[in-house]
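Written out below as structure tokens is the structure these notes cover.
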Amino acid sequence: MTEHAAGPVPAERLQDLLLESEDIAGFLEEFTRTMAAALSGGGQSHCAVTLIRHRRGTTVASSSPEAALLDEVQYGFGEGPCLTAVRERRTVHVPDLRADGRWPAYAEAAGKVGVRAVLGVPFELGDEAQAGFNVYAERPRAFDDDTVRTVQREVLLASKGLRLAVRLARHREEREDLQAAMRSRTPIDLAVGIVMGQNRCSQERAVEILKAASSHRNVKLRDLAADLVATVGRGPAATHFEA
């Protein structure tokens, strides 16, 4: 590493960051700040994390307001080194934007806000998500080969923990959705039984009756079922659904 002589983030520290963070966003925010501090040896560096959603870039973490602004400049053009790194899943290093002709409009805009060197490194998340780590420097040729390899290594380490966190979050959401569905399903099943008893009809017919009543009254099926169960639970059924 040249002017960015600060040491890399130890693997143990990455594990601590993940364990100490309440959610994925918290981990990424702390990761970007830690990396920015490690890379800002002889010059200011700004770090951010881009997530691709519906083919558009979104900044989900940044080490500073400047980093978020620099991401937005790139999103405004819909192209640039960091977006290319995420979309093509490869490291993109631009030592000097003024000497690079790949994104002339973006390079001119980035230069106006004080950026000369850019490094984009994709997170290796498989099919879980598309994301990249962005580093912006105010001085040209701020990142030598050692620095690039260091950032790649740190992002790879973070990817492993992040991938697990994404999976755990997804499983947690699926479990919560299932529990919510089960909570809704119980009163619906009870209501079906009530209608079957009231009308001496089949389960299929009872479901049709409840759905028709739900549509006619413009009330969600689960809410209608809950009201029916609650009414019957207080005594003789006051509401009767005709077959």
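Residues are named by chain letter and number: chains run A, B, ... in the order of the structure tokens, numbers start at 1 in each chain, and ligands are numbered from 1 in the order shown.
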
Compile the contact shell of region 124-126 of chain A as a list of chain:residue names: residues with an atom at most 12 Å away, counting only C-alpha atoms, same-chain residues fewer than 4 positions apart removed.
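Residues meeting the cut-off are A:Leu51, A:Ala85, A:Val86, A:Arg87, A:Glu88, A:Arg89, A:Arg90, A:Thr91, A:Gln130, A:Ala131, A:Gly132, A:Phe133, A:Gln152, A:Arg153, A:Glu154, A:Val155, A:Leu156, A:Leu157, A:Ala158, A:Ser159, A:Lys160, A:Gly161, A:Leu162, A:Arg163, A:Leu164, A:Ala165, A:Val166, A:Arg167.
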
Mind checking which residues fall within 10 Å of region 98-105 of chain A, counting only C-alpha atoms, ignoring those fewer than 4 positions away in the same chain, and posting them as a list in words?
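So the residues in contact are Gln74, Phe77, Glu79, Gly80, Pro81, Val94, Ala109, Ala110, Gly111, Val115, Arg116, Ala117 and Pro140 of chain A.
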
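Near Lys211 (chain A), within a cut-off of 12 Å and counting only C-alpha atoms, sit the residues A:Ile188, A:Ala191, A:Val192, A:Val195, A:Glu204, A:Arg205, A:Ala206, A:Val207, A:Glu208, A:Ile209, A:Ala213, A:Ser214, A:Ser215, A:His216, A:Arg217, A:Asn218, A:Val219, A:Lys220, A:Leu221, A:Arg222, A:Asp223, A:Leu224, A:Ala225, A:Phe241, A:Ala243, with same-chain residues fewer than 2 positions away left out.
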
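You can rank A:Gly26, A:Gly197, A:Gly120, A:Gly114 by their closest distance to Glu66 (chain A) using only C-alpha atoms, and at the top of that list sits A:Gly114.
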
Kindly indicate which residue among A:Gly57, A:Glu72, A:Glu108, A:Val121 lies nearest to Asp96 (chain A), using only C-alpha atoms for the distances.
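The shortest atom-to-atom distance to Asp96 (chain A) comes from A:Glu108.
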
If you run DSSP on the backbone here, which positions in region 105-154 of chain A get strand (DSSP E)? Please write them as a list in words.
Ala117, Val118, Leu119, Gly120, Val121, Pro122, Ala131, Gly132, Phe133, Asn134, Val135, Tyr136 and Ala137 of chain A

DSSP on the backbone, alpha helix (DSSP H) only: what residues of region 9-233 of chain A does that give? Format it as a ChimeraX atom specification.
/A:11-20,24-39,65-77,81-88,104-112,145-199,203-217,221-233

From the options A:Leu28, A:Cys47, A:Leu190, A:Cys82, which residue's atoms come nearest to Val60 (chain A), counting only C-alpha atoms?
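Of A:Leu28, A:Cys47, A:Leu190, A:Cys82, the one nearest Val60 (chain A), counting only C-alpha atoms, is A:Leu28.
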